[in-house]
$ cat run.cif   # mmCIF, C-alpha atoms
data_coords
#
loop_
_atom_site.label_atom_id
_atom_site.label_comp_id
_atom_site.auth_asym_id
_atom_site.auth_seq_id
_atom_site.Cartn_x
_atom_site.Cartn_y
_atom_site.Cartn_z
CA MET I 1 30.07 -8.11 15.66
CA ASN I 2 29.40 -7.50 19.36
CA SER I 3 25.90 -6.80 20.64
CA SER I 4 26.36 -3.05 21.23
CA VAL I 5 27.67 -2.47 17.71
CA GLN I 6 24.90 -4.62 16.29
CA LYS I 7 22.24 -2.72 18.25
CA THR I 8 23.68 0.61 17.07
CA LYS I 9 23.56 -0.63 13.48
CA TYR I 10 19.96 -1.75 13.92
CA LEU I 11 19.00 1.62 15.44
CA THR I 12 20.66 3.52 12.61
CA GLU I 13 18.86 1.50 9.94
CA ALA I 14 15.56 1.62 11.85
CA ALA I 15 15.91 5.41 12.15
CA ALA I 16 16.62 5.88 8.44
CA ALA I 17 13.79 3.60 7.25
CA PRO I 18 10.83 5.55 8.74
CA ALA I 19 12.31 8.81 7.49
CA ILE I 20 12.53 7.39 3.95
CA ALA I 21 9.06 5.84 4.19
CA ALA I 22 7.59 9.11 5.50
CA LEU I 23 9.25 11.05 2.68
CA LEU I 24 7.79 8.67 0.11
CA VAL I 25 4.33 9.03 1.67
CA LEU I 26 4.58 12.83 1.72
CA LEU I 27 5.47 12.87 -1.99
CA LYS I 28 1.75 12.60 -2.76
CA LEU I 29 1.32 16.12 -1.38
CA VAL I 30 3.72 17.55 -3.97
CA ALA I 31 1.79 16.64 -7.13
CA PRO I 32 -0.94 14.16 -8.17
CA PHE I 33 1.57 12.18 -10.24
CA PHE I 34 3.62 11.33 -7.16
CA VAL I 35 0.70 9.42 -5.62
CA PHE I 36 1.67 6.50 -7.86
CA ILE I 37 5.24 6.57 -6.55
CA THR I 38 3.92 6.68 -2.98
CA MET I 39 1.68 3.66 -3.56
CA LEU I 40 4.52 1.63 -5.10
CA THR I 41 7.43 2.42 -2.81
CA SER I 42 6.40 3.72 0.61
CA ALA I 43 5.95 0.22 2.09
CA VAL I 44 9.36 -1.04 0.96
CA PRO I 45 11.59 0.52 3.70
CA ILE I 46 9.38 -1.02 6.39
CA ALA I 47 9.44 -4.41 4.66
CA VAL I 48 13.24 -4.25 4.47
CA ILE I 49 13.55 -3.61 8.23
CA CYS I 50 11.16 -6.50 8.93
CA SER I 51 13.25 -8.77 6.73
CA PHE I 52 16.61 -7.81 8.23
CA HIS I 53 15.74 -7.30 11.90
CA GLY I 54 12.37 -8.91 12.62
CA MET I 55 8.76 -7.89 13.05
CA LYS I 56 9.29 -5.96 16.32
CA TRP I 57 11.72 -3.64 14.61
CA GLY I 58 9.33 -3.40 11.67
CA LEU I 59 6.49 -2.43 13.99
CA GLY I 60 8.64 0.25 15.61
CA THR I 61 9.59 1.56 12.16
CA SER I 62 5.90 1.63 11.16
CA LEU I 63 4.91 3.60 14.27
CA ALA I 64 7.76 6.06 13.73
CA GLU I 65 6.76 6.53 10.08
CA ILE I 66 3.12 7.18 11.03
CA PHE I 67 4.23 9.66 13.72
CA LEU I 68 6.49 11.55 11.30
CA VAL I 69 3.82 11.80 8.62
CA ASN I 70 1.26 13.03 11.17
CA ILE I 71 3.66 15.71 12.39
CA ILE I 72 4.69 16.90 8.93
CA GLY I 73 1.67 16.21 6.74
CA GLY I 74 -1.21 16.27 9.23
CA PRO I 75 -3.80 13.64 10.21
CA GLU I 76 -5.51 13.58 6.80
CA ILE I 77 -2.50 11.76 5.39
CA GLY I 78 -1.05 10.53 8.68
CA PHE I 79 -4.06 8.38 9.54
CA THR I 80 -4.63 7.14 5.99
CA THR I 81 -1.70 6.86 3.57
CA ALA I 82 0.83 6.44 6.37
CA PHE I 83 -1.13 3.39 7.52
CA TYR I 84 -1.06 2.09 3.94
CA ALA I 85 2.75 2.06 4.02
CA ALA I 86 2.77 0.47 7.46
CA ALA I 87 0.22 -2.26 6.67
CA LEU I 88 1.72 -3.31 3.34
CA GLY I 89 5.25 -3.00 4.69
CA MET I 90 4.53 -5.24 7.67
CA ALA I 91 2.69 -7.83 5.56
CA MET I 92 5.35 -7.91 2.86
CA GLY I 93 8.13 -7.87 5.45
CA TYR I 94 6.58 -10.85 7.22
CA GLY I 95 6.72 -12.79 3.97
CA PHE I 96 10.35 -11.78 3.40
CA ARG I 97 11.36 -12.52 6.98
CA HIS I 98 9.80 -15.99 7.05
CA LYS I 99 10.87 -16.79 3.48
CA LEU I 100 7.32 -17.39 2.26
CA SER I 101 6.84 -18.10 -1.41
CA PHE I 102 6.24 -15.20 -3.78
CA ALA I 103 2.58 -16.21 -4.15
CA LYS I 104 1.93 -16.44 -0.39
CA THR I 105 3.59 -13.09 0.23
CA LEU I 106 1.53 -11.61 -2.61
CA HIS I 107 -1.74 -12.89 -1.09
CA LEU I 108 -0.76 -11.58 2.35
CA THR I 109 0.17 -8.15 0.98
CA ALA I 110 -3.02 -7.95 -1.08
CA LEU I 111 -5.05 -8.81 2.04
CA ALA I 112 -3.27 -6.03 3.93
CA TYR I 113 -4.22 -3.66 1.11
CA VAL I 114 -7.91 -4.64 1.33
CA VAL I 115 -7.96 -4.24 5.12
CA GLU I 116 -6.07 -0.94 5.01
CA MET I 117 -8.26 0.59 2.30
CA SER I 118 -11.41 -0.41 4.21
CA TYR I 119 -9.93 1.21 7.31
CA LYS I 120 -8.97 4.30 5.27
CA ILE I 121 -12.52 4.83 4.05
CA ALA I 122 -13.91 4.38 7.56
CA VAL I 123 -11.38 6.79 9.09
CA SER I 124 -11.94 9.37 6.34
CA ILE I 125 -15.70 9.36 6.85
CA TYR I 126 -16.22 8.74 10.57
CA ILE I 127 -13.10 10.08 12.28
CA LEU I 128 -11.63 12.80 10.08
CA GLY I 129 -15.09 13.98 9.07
CA ILE I 130 -14.37 14.06 5.35
CA ALA I 131 -18.01 13.95 4.29
CA ASP I 132 -17.33 13.61 0.57
CA ALA I 133 -14.91 10.68 0.95
CA LEU I 134 -17.49 8.14 -0.22
CA THR I 135 -18.56 10.33 -3.13
CA SER I 136 -14.94 10.79 -4.13
CA ALA I 137 -14.37 7.02 -3.97
CA ILE I 138 -17.42 6.40 -6.15
CA ASP I 139 -16.22 9.01 -8.65
CA ARG I 140 -12.83 7.30 -8.87
CA PHE I 141 -14.57 3.95 -9.30
CA VAL I 142 -16.72 5.36 -12.11
CA SER I 143 -13.67 6.69 -13.93
CA MET I 144 -11.94 3.31 -13.52
CA ILE I 145 -14.75 1.13 -14.81
CA GLN I 146 -16.11 3.30 -17.62
CA TRP I 147 -13.62 1.91 -20.15
CA ILE I 148 -14.87 -1.64 -19.55
CA TRP I 149 -18.44 -0.97 -18.41
CA LYS I 150 -19.70 0.60 -21.64
CA PRO I 151 -18.83 -2.32 -23.94
CA LEU I 152 -20.11 -4.81 -21.34
CA SER I 153 -23.36 -2.86 -20.94
CA PHE I 154 -24.17 -3.27 -24.62
CA LEU I 155 -23.32 -6.96 -24.45
CA PHE I 156 -25.54 -7.65 -21.42
CA HIS I 157 -28.18 -4.95 -22.08
CA LEU I 158 -27.34 -2.89 -18.97
CA ASP I 159 -27.34 0.83 -18.36
CA PRO I 160 -24.24 2.23 -20.13
CA ASP I 161 -23.83 5.05 -17.58
CA PRO I 162 -21.11 3.88 -15.15
CA GLY I 163 -22.31 6.43 -12.59
CA LYS I 164 -25.65 4.68 -12.36
CA ALA I 165 -23.95 1.28 -12.58
CA ALA I 166 -22.13 1.94 -9.31
CA PHE I 167 -25.42 1.60 -7.45
CA THR I 168 -26.64 -1.58 -9.16
CA THR I 169 -25.92 -5.18 -8.17
CA SER I 170 -23.81 -5.65 -11.29
CA GLY I 171 -21.94 -2.46 -10.50
CA MET I 172 -21.26 -3.57 -6.94
CA VAL I 173 -19.94 -6.91 -8.19
CA MET I 174 -17.66 -5.12 -10.63
CA LEU I 175 -16.58 -2.74 -7.87
CA GLY I 176 -15.53 -5.71 -5.77
CA LEU I 177 -13.64 -7.29 -8.65
CA VAL I 178 -11.87 -4.05 -9.54
CA PHE I 179 -11.00 -3.46 -5.87
CA ILE I 180 -9.48 -6.94 -5.52
CA LEU I 181 -7.63 -6.61 -8.83
CA ASN I 182 -6.31 -3.24 -7.68
CA ALA I 183 -5.13 -4.82 -4.41
CA TYR I 184 -3.20 -7.53 -6.24
CA CYS I 185 -1.70 -5.08 -8.73
CA TYR I 186 -0.33 -2.82 -6.00
CA ALA I 187 0.78 -5.80 -3.92
CA TYR I 188 2.60 -7.32 -6.90
CA LEU I 189 4.37 -4.11 -7.89
CA ASN I 190 5.37 -3.35 -4.28
CA GLN I 191 6.69 -6.86 -3.90
CA GLU I 192 8.69 -6.75 -7.14
CA ILE I 193 10.33 -3.50 -6.09
CA GLY I 194 10.86 -4.78 -2.54
CA VAL I 195 12.47 -8.03 -3.70
CA GLU I 196 14.85 -6.19 -6.02
CA ILE I 197 15.89 -3.65 -3.38
CA LEU I 198 16.34 -6.42 -0.81
CA LYS I 199 18.63 -8.32 -3.19
CA ARG I 200 20.78 -5.25 -3.74
CA LEU I 201 21.00 -4.47 -0.03
CA LYS I 202 21.96 -8.05 0.82
CA ALA I 203 24.60 -8.02 -1.91
CA GLY I 204 25.97 -4.74 -0.54
CA ARG I 205 26.13 -6.21 2.98
CA ARG I 206 28.09 -9.21 1.75
CA ASP I 207 30.55 -7.01 -0.10
CA SER I 208 31.12 -4.66 2.86
#

$ encode --input "run.cif" --output "structure tokens"
Amino acid sequence: MNSSVQKTKYLTEAAAAPAIAALLVLLKLVAPFFVFITMLTSAVPIAVICSFHGMKWGLGTSLAEIFLVNIIGGPEIGFTTAFYAAALGMAMGYGFRHKLSFAKTLHLTALAYVVEMSYKIAVSIYILGIADALTSAIDRFVSMIQWIWKPLSFLFHLDPDPGKAAFTTSGMVMLGLVFILNAYCYAYLNQEIGVEILKRLKAGRRDS
């Protein structure tokens, strides 16, 4: 394959990937259920481009995806969820590109999740001016931990109200643990989906 044909192929794939990633990000605007699909799949197209063509192409794909989401969905999603797809996609793609072990790629992707979510909270509060972002995050945390906090509170003689627990030392420790567990869960599921799609794409390339 000569260089011009190869470059055209790269451009075609790099043009399709941000469009797919942006579409997967924008799914969360359709219905609450689709947020889960967004969180599990939106990073995969970027990771695939990183794996096939390198990190520079992956970065370009990420920037294009963020731009598209900002244009279509607005800055509330463009500066938050779009960055989620970009961060996890780049981290996961780096692992795929450099053939890191599954565990190393998982740690790298989970770290990207932690950094991106911290950035998302900061952007939501200080840049986009979403004043209730922290309250909303605490409410989600309360709903997440209530199923485990109540039995633990009786065991350790703590306040059984998870809303109050969020502002205690024990609650903050649990918040950190749940946040890290959440990071690894999303990183693992993204990676499993990414690995499977990458296998199928590579098999299709060999057959073509």

$ residues_around --input "run.cif" --residues "I:Leu100" --least-positions-apart "6" --cutoff "12 Å" --atoms "only C-alpha atoms" --output "number ranges by chain"
I: 51, 91-94, 106-109

$ atom_distance --input "run.cif" --atom1 "atom CA of I:Cys50" --atom2 "atom CA of I:Tyr119"
22.5 Å

$ residues_near_point --input "run.cif" --point "(-0.6, 4.8, -5.3)" --cutoff "12 Å" --atoms "all atoms listed in the file" --output "PyMOL selection string"
chain I and resi 24-28+32-43+81-82+84-85+113+117+182-183+185-187+189-190

$ write_last_selection --input "run.cif" --atoms "C-alpha atoms" --output "PDB file, in the frame of the given file"
ATOM      1  CA  LEU I  24       7.790   8.670   0.110  1.00  0.00           C
ATOM      2  CA  VAL I  25       4.330   9.030   1.670  1.00  0.00           C
ATOM      3  CA  LEU I  26       4.580  12.830   1.720  1.00  0.00           C
ATOM      4  CA  LEU I  27       5.470  12.870  -1.990  1.00  0.00           C
ATOM      5  CA  LYS I  28       1.750  12.600  -2.760  1.00  0.00           C
ATOM      6  CA  PRO I  32      -0.940  14.160  -8.170  1.00  0.00           C
ATOM      7  CA  PHE I  33       1.570  12.180 -10.240  1.00  0.00           C
ATOM      8  CA  PHE I  34       3.620  11.330  -7.160  1.00  0.00           C
ATOM      9  CA  VAL I  35       0.700   9.420  -5.620  1.00  0.00           C
ATOM     10  CA  PHE I  36       1.670   6.500  -7.860  1.00  0.00           C
ATOM     11  CA  ILE I  37       5.240   6.570  -6.550  1.00  0.00           C
ATOM     12  CA  THR I  38       3.920   6.680  -2.980  1.00  0.00           C
ATOM     13  CA  MET I  39       1.680   3.660  -3.560  1.00  0.00           C
ATOM     14  CA  LEU I  40       4.520   1.630  -5.100  1.00  0.00           C
ATOM     15  CA  THR I  41       7.430   2.420  -2.810  1.00  0.00           C
ATOM     16  CA  SER I  42       6.400   3.720   0.610  1.00  0.00           C
ATOM     17  CA  ALA I  43       5.950   0.220   2.090  1.00  0.00           C
ATOM     18  CA  THR I  81      -1.700   6.860   3.570  1.00  0.00           C
ATOM     19  CA  ALA I  82       0.830   6.440   6.370  1.00  0.00           C
ATOM     20  CA  TYR I  84      -1.060   2.090   3.940  1.00  0.00           C
ATOM     21  CA  ALA I  85       2.750   2.060   4.020  1.00  0.00           C
ATOM     22  CA  TYR I 113      -4.220  -3.660   1.110  1.00  0.00           C
ATOM     23  CA  MET I 117      -8.260   0.590   2.300  1.00  0.00           C
ATOM     24  CA  ASN I 182      -6.310  -3.240  -7.680  1.00  0.00           C
ATOM     25  CA  ALA I 183      -5.130  -4.820  -4.410  1.00  0.00           C
ATOM     26  CA  CYS I 185      -1.700  -5.080  -8.730  1.00  0.00           C
ATOM     27  CA  TYR I 186      -0.330  -2.820  -6.000  1.00  0.00           C
ATOM     28  CA  ALA I 187       0.780  -5.800  -3.920  1.00  0.00           C
ATOM     29  CA  LEU I 189       4.370  -4.110  -7.890  1.00  0.00           C
ATOM     30  CA  ASN I 190       5.370  -3.350  -4.280  1.00  0.00           C
TER      31      ASN I 190
END

$ resolve_selection --input "run.cif" --expression "the PyMOL selection byres ((chain I and resi 57) around 12)" --output "short mmCIF file (atom, residue, chain, number, x, y, z; two decimals) with C-alpha atoms, keeping the file's coordinate frame"
data_model
loop_
_atom_site.label_atom_id
_atom_site.label_comp_id
_atom_site.auth_asym_id
_atom_site.auth_seq_id
_atom_site.Cartn_x
_atom_site.Cartn_y
_atom_site.Cartn_z
CA LYS I 7 22.24 -2.72 18.25
CA TYR I 10 19.96 -1.75 13.92
CA LEU I 11 19.00 1.62 15.44
CA THR I 12 20.66 3.52 12.61
CA GLU I 13 18.86 1.50 9.94
CA ALA I 14 15.56 1.62 11.85
CA ALA I 15 15.91 5.41 12.15
CA ALA I 17 13.79 3.60 7.25
CA PRO I 18 10.83 5.55 8.74
CA PRO I 45 11.59 0.52 3.70
CA ILE I 46 9.38 -1.02 6.39
CA ALA I 47 9.44 -4.41 4.66
CA VAL I 48 13.24 -4.25 4.47
CA ILE I 49 13.55 -3.61 8.23
CA CYS I 50 11.16 -6.50 8.93
CA SER I 51 13.25 -8.77 6.73
CA PHE I 52 16.61 -7.81 8.23
CA HIS I 53 15.74 -7.30 11.90
CA GLY I 54 12.37 -8.91 12.62
CA MET I 55 8.76 -7.89 13.05
CA LYS I 56 9.29 -5.96 16.32
CA GLY I 58 9.33 -3.40 11.67
CA LEU I 59 6.49 -2.43 13.99
CA GLY I 60 8.64 0.25 15.61
CA THR I 61 9.59 1.56 12.16
CA SER I 62 5.90 1.63 11.16
CA LEU I 63 4.91 3.60 14.27
CA ALA I 64 7.76 6.06 13.73
CA GLY I 89 5.25 -3.00 4.69
CA MET I 90 4.53 -5.24 7.67
CA GLY I 93 8.13 -7.87 5.45
CA TYR I 94 6.58 -10.85 7.22
CA ARG I 97 11.36 -12.52 6.98
#

$ atom_distance --input "run.cif" --atom1 "atom CA of I:Leu29" --atom2 "atom CA of I:Lys120"
17.0 Å

$ atom_distance --input "run.cif" --atom1 "atom CA of I:Val30" --atom2 "atom CA of I:Leu198"
27.3 Å

$ closest_residue --input "run.cif" --among "I:Ala16, I:Ile180, I:Ile72, I:Leu88" --to "I:Gly194" --atoms "all atoms listed in the file"
I:Leu88

$ closest_residue --input "run.cif" --among "I:Val195, I:Leu201, I:Met172, I:Val115" --to "I:Gly95" --atoms "only C-alpha atoms"
I:Val195
